[in-house]
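Asks: Could you have a look at this structure, given as structure tokens, before my questions?
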Amino acid sequence: MCRLFGLSAAPCRVKATFWLLDSPDSLAQQSRQEPDGTGLGTFAADGSARVEKQPIAAYHDAEFGREARERESQTFVAHIRYASTGGLNLRNTHPFTQRGRLFAHNGVLQGLAELDAELGDYLELVAGETDSERFFALITQRTDRNDGDVTAGITDAVRWVANRLPVYALNLVLTTATELWALRYPDTHELFVLERAAGGAHGGRHLDHVGRAGTVRAHCRQLAEHPAVVVASERMDAEPGWRALAPGELLHVDSQLHIRSRTVIDSAPRHMLSLAQLSPGAAASQSAR
């Protein structure tokens, strides 16, 4: 399945190094379906978004993911794509950017014609073919309706989708230059959060996170001295503080690293999809690896 990774060290700008495909012989490469794209999103000191991403077709561009990328930012979002909708091209590769925000998603929703109709003029924000980018545009629309309140925008969007469209999963990470949001919905896939003290649980240690599947690795020496919040599709080290978000839980990390978390939807989607109801490609993209 797609891998999500988000990190906030706000209000500090820190340098972190990312490898989105950790090694040439990783389990991801050996899996029955290889990754279809990798992407990293950061913000410059002036708040402008920087997105580096590449579709990976038959591993021709795997070196893009394995190259070390050291970037400085308060917030970071990384994504490994296993395609469920949309072709293997740059415009369908996560993360996406809208209104100065970055977004990455793991899941599947259907009923895109109804979603397109709901988006109206906001469909102009969608450059590709994916359900993910359309869901992001709905969040942008609802955020605008709520006077720029991203928490309210995500809440409104996920409730509308859950009530109207067939849903398999809607896990997401959304960042601005100083803030981070993460949602797990419903209980299809896990999503974990680590509130990491400076130096980790034992003190004095830099951050060095490696996904079990060999897909995402993140390294940051400065986090030996600064606290951070990490969100990931899996526990990425032996820190005891990892916890799974509850289904329907929306996490918000503000510009001072304060955390607010609440359940914004406490029921399953009205039209809950099973793995058997997905197309073969979408089902493969959502299977555990």
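Starting from 1 in every chain, residues are counted up; chains themselves are A, B, ... following the order of the structure tokens, and ligands are numbered from 1 as listed.
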So that I can check the surroundings of His105 (chain A), please list as a list in words every protein, DNA and RNA residue that reaches within 7 Å of it, counting only C-alpha atoms and ignoring chain neighbours fewer than 5 positions away.

Replies: Ser132, Leu170, Asn171, Leu172 and Val173 of chain A

Asks: Could you give me, as a ChimeraX atom specification, the residues within 10 Å of region 224-232 of chain A, counting only C-alpha atoms and dropping anything in the same chain fewer than 4 positions from it?

Replies: /A:3-12,14,74-79,172-173,180-183,190-200,203-207,209,211,216,220,236,242-245,251,253,257-259

Asks: I'd like a table as JSON lines: residues in region 156-208 of chain A with an atom no more than 10 Å from region 135-141 of chain A, each row giving the shortest atom pair and its distance in Å to one decimal, only C-alpha atoms counted, sorted by chain and rising residue number.

Replies:
{"residue": "A:Asp156", "atom": "CA", "partner": "A:Ile139", "partner_atom": "CA", "distance": 7.7}
{"residue": "A:Ala157", "atom": "CA", "partner": "A:Ile139", "partner_atom": "CA", "distance": 5.3}
{"residue": "A:Val158", "atom": "CA", "partner": "A:Ile139", "partner_atom": "CA", "distance": 8.1}
{"residue": "A:Trp160", "atom": "CA", "partner": "A:Leu138", "partner_atom": "CA", "distance": 9.3}
{"residue": "A:Val161", "atom": "CA", "partner": "A:Phe135", "partner_atom": "CA", "distance": 8.5}
{"residue": "A:Leu170", "atom": "CA", "partner": "A:Phe135", "partner_atom": "CA", "distance": 8.8}
{"residue": "A:Leu172", "atom": "CA", "partner": "A:Phe136", "partner_atom": "CA", "distance": 9.4}
{"residue": "A:Leu174", "atom": "CA", "partner": "A:Phe136", "partner_atom": "CA", "distance": 9.0}

Asks: Write the selection just made, keeping N, CA, C and O atoms, as a PDB file, in the first residue's frame?

Replies:
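File written: part22.pdb
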ATOM      1  N   ASP A 156     -15.259  18.734   7.292  1.00  0.00           N
ATOM      2  CA  ASP A 156     -16.402  18.820   6.383  1.00  0.00           C
ATOM      3  C   ASP A 156     -16.224  17.895   5.179  1.00  0.00           C
ATOM      4  O   ASP A 156     -17.167  17.217   4.755  1.00  0.00           O
ATOM      5  N   ALA A 157     -15.017  17.870   4.626  1.00  0.00           N
ATOM      6  CA  ALA A 157     -14.770  17.077   3.421  1.00  0.00           C
ATOM      7  C   ALA A 157     -14.910  15.586   3.695  1.00  0.00           C
ATOM      8  O   ALA A 157     -15.548  14.862   2.922  1.00  0.00           O
ATOM      9  N   VAL A 158     -14.317  15.109   4.772  1.00  0.00           N
ATOM     10  CA  VAL A 158     -14.369  13.670   5.043  1.00  0.00           C
ATOM     11  C   VAL A 158     -15.797  13.251   5.391  1.00  0.00           C
ATOM     12  O   VAL A 158     -16.241  12.148   5.012  1.00  0.00           O
ATOM     13  N   TRP A 160     -18.550  14.647   4.185  1.00  0.00           N
ATOM     14  CA  TRP A 160     -19.310  14.626   2.929  1.00  0.00           C
ATOM     15  C   TRP A 160     -18.993  13.357   2.144  1.00  0.00           C
ATOM     16  O   TRP A 160     -19.902  12.673   1.658  1.00  0.00           O
ATOM     17  N   VAL A 161     -17.720  13.032   2.026  1.00  0.00           N
ATOM     18  CA  VAL A 161     -17.328  11.834   1.280  1.00  0.00           C
ATOM     19  C   VAL A 161     -17.902  10.577   1.940  1.00  0.00           C
ATOM     20  O   VAL A 161     -18.433   9.684   1.261  1.00  0.00           O
ATOM     21  N   LEU A 170      -9.195   6.705   3.559  1.00  0.00           N
ATOM     22  CA  LEU A 170      -8.937   8.126   3.323  1.00  0.00           C
ATOM     23  C   LEU A 170      -7.781   8.641   4.180  1.00  0.00           C
ATOM     24  O   LEU A 170      -7.772   9.815   4.554  1.00  0.00           O
ATOM     25  N   LEU A 172      -4.559  10.465   5.338  1.00  0.00           N
ATOM     26  CA  LEU A 172      -3.912  11.593   4.686  1.00  0.00           C
ATOM     27  C   LEU A 172      -2.934  12.285   5.620  1.00  0.00           C
ATOM     28  O   LEU A 172      -3.021  12.187   6.843  1.00  0.00           O
ATOM     29  N   LEU A 174      -1.466  16.387   5.536  1.00  0.00           N
ATOM     30  CA  LEU A 174      -1.539  17.701   4.897  1.00  0.00           C
ATOM     31  C   LEU A 174      -0.640  18.646   5.680  1.00  0.00           C
ATOM     32  O   LEU A 174      -0.676  18.651   6.915  1.00  0.00           O
TER      33      LEU A 174
END

Asks: My list of candidates is A:Asp36, A:Glu114, A:Asp131, A:Glu72. Which is closest to Ala49 (chain A) when distances are computed with only C-alpha atoms?

Replies: A:Glu72

Asks: Using only C-alpha atoms, which residues sit within 12 Å of Thr263 (chain A) once same-chain residues fewer than 6 positions away are excluded, as a list in words?

Replies: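 Neighbouring residues, sequence-local ones excluded: Thr151, Ile154, Thr155, Val158, Arg159, Ala182, Leu183, Arg184, Tyr185, Pro186, Leu245, Ala246, Pro247, Gly248, Glu249, Leu250, Leu251 and His252 of chain A.
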
Asks: For C-alpha atoms, I'd like the residues from the last selection saved as a PDB file, in the first residue's frame.

Replies:
ATOM      1  CA  THR A 151      -9.300  21.516  10.535  1.00  0.00           C
ATOM      2  CA  ILE A 154     -10.863  18.405   6.464  1.00  0.00           C
ATOM      3  CA  THR A 155     -13.739  17.588   8.810  1.00  0.00           C
ATOM      4  CA  VAL A 158     -14.369  13.670   5.043  1.00  0.00           C
ATOM      5  CA  ARG A 159     -17.934  13.762   6.387  1.00  0.00           C
ATOM      6  CA  ALA A 182      -3.103  13.801   9.707  1.00  0.00           C
ATOM      7  CA  LEU A 183      -6.306  11.783   9.427  1.00  0.00           C
ATOM      8  CA  ARG A 184      -6.967   8.060   9.705  1.00  0.00           C
ATOM      9  CA  TYR A 185     -10.323   6.961   8.292  1.00  0.00           C
ATOM     10  CA  PRO A 186     -11.859   4.467   8.631  1.00  0.00           C
ATOM     11  CA  LEU A 245      -4.495   7.024  15.456  1.00  0.00           C
ATOM     12  CA  ALA A 246      -8.038   5.903  16.132  1.00  0.00           C
ATOM     13  CA  PRO A 247     -10.396   5.549  13.155  1.00  0.00           C
ATOM     14  CA  GLY A 248     -11.819   8.980  12.407  1.00  0.00           C
ATOM     15  CA  GLU A 249      -9.131  10.755  14.447  1.00  0.00           C
ATOM     16  CA  LEU A 250      -7.827  14.048  13.058  1.00  0.00           C
ATOM     17  CA  LEU A 251      -4.457  15.182  14.421  1.00  0.00           C
ATOM     18  CA  HIS A 252      -3.332  18.824  14.177  1.00  0.00           C
TER      19      HIS A 252
END

Asks: Quick one: pull the distance between CA of Asp254 (chain A) and CA of Thr176 (chain A), Å, one decimal.

Replies: 9.8 Å

Asks: Output as a VMD selection string all residues of region 29-244 of chain A that backbone DSSP marks as strand (DSSP E).

Replies: chain A and resid 37 to 43 49 to 55 69 to 73 75 to 81 96 to 98 101 to 109 166 to 175 180 to 183 192 to 196 207 to 210 217 to 220 228 to 232 243 to 244

Asks: According to DSSP computed on the backbone, where in region 35-262 of chain A is there helix (DSSP H, G or I)? Give the residues as JSON, numbers by chain.

Replies: {"A": [62, 63, 64, 65, 66, 90, 91, 92, 112, 113, 114, 115, 116, 117, 118, 119, 120, 121, 122, 123, 124, 125, 131, 132, 133, 134, 135, 136, 137, 138, 139, 140, 141, 142, 143, 144, 145, 150, 151, 152, 153, 154, 155, 156, 157, 158, 159, 160, 161, 162, 163, 164, 221, 222, 223, 224]}

Asks: Measure the distance from CA of Leu223 (chain A) to CA of Thr93 (chain A) in Å and round it to one decimal.

Replies: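 These two atoms are separated by 28.8 Å.
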
Asks: Could you tell me which of A:Val167, A:Val126, A:Arg212, A:Asn146 comes closest to Val108 (chain A) if we count only C-alpha atoms?

Replies: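 Among A:Val167, A:Val126, A:Arg212, A:Asn146, it is A:Val167 that comes nearest to Val108 (chain A).
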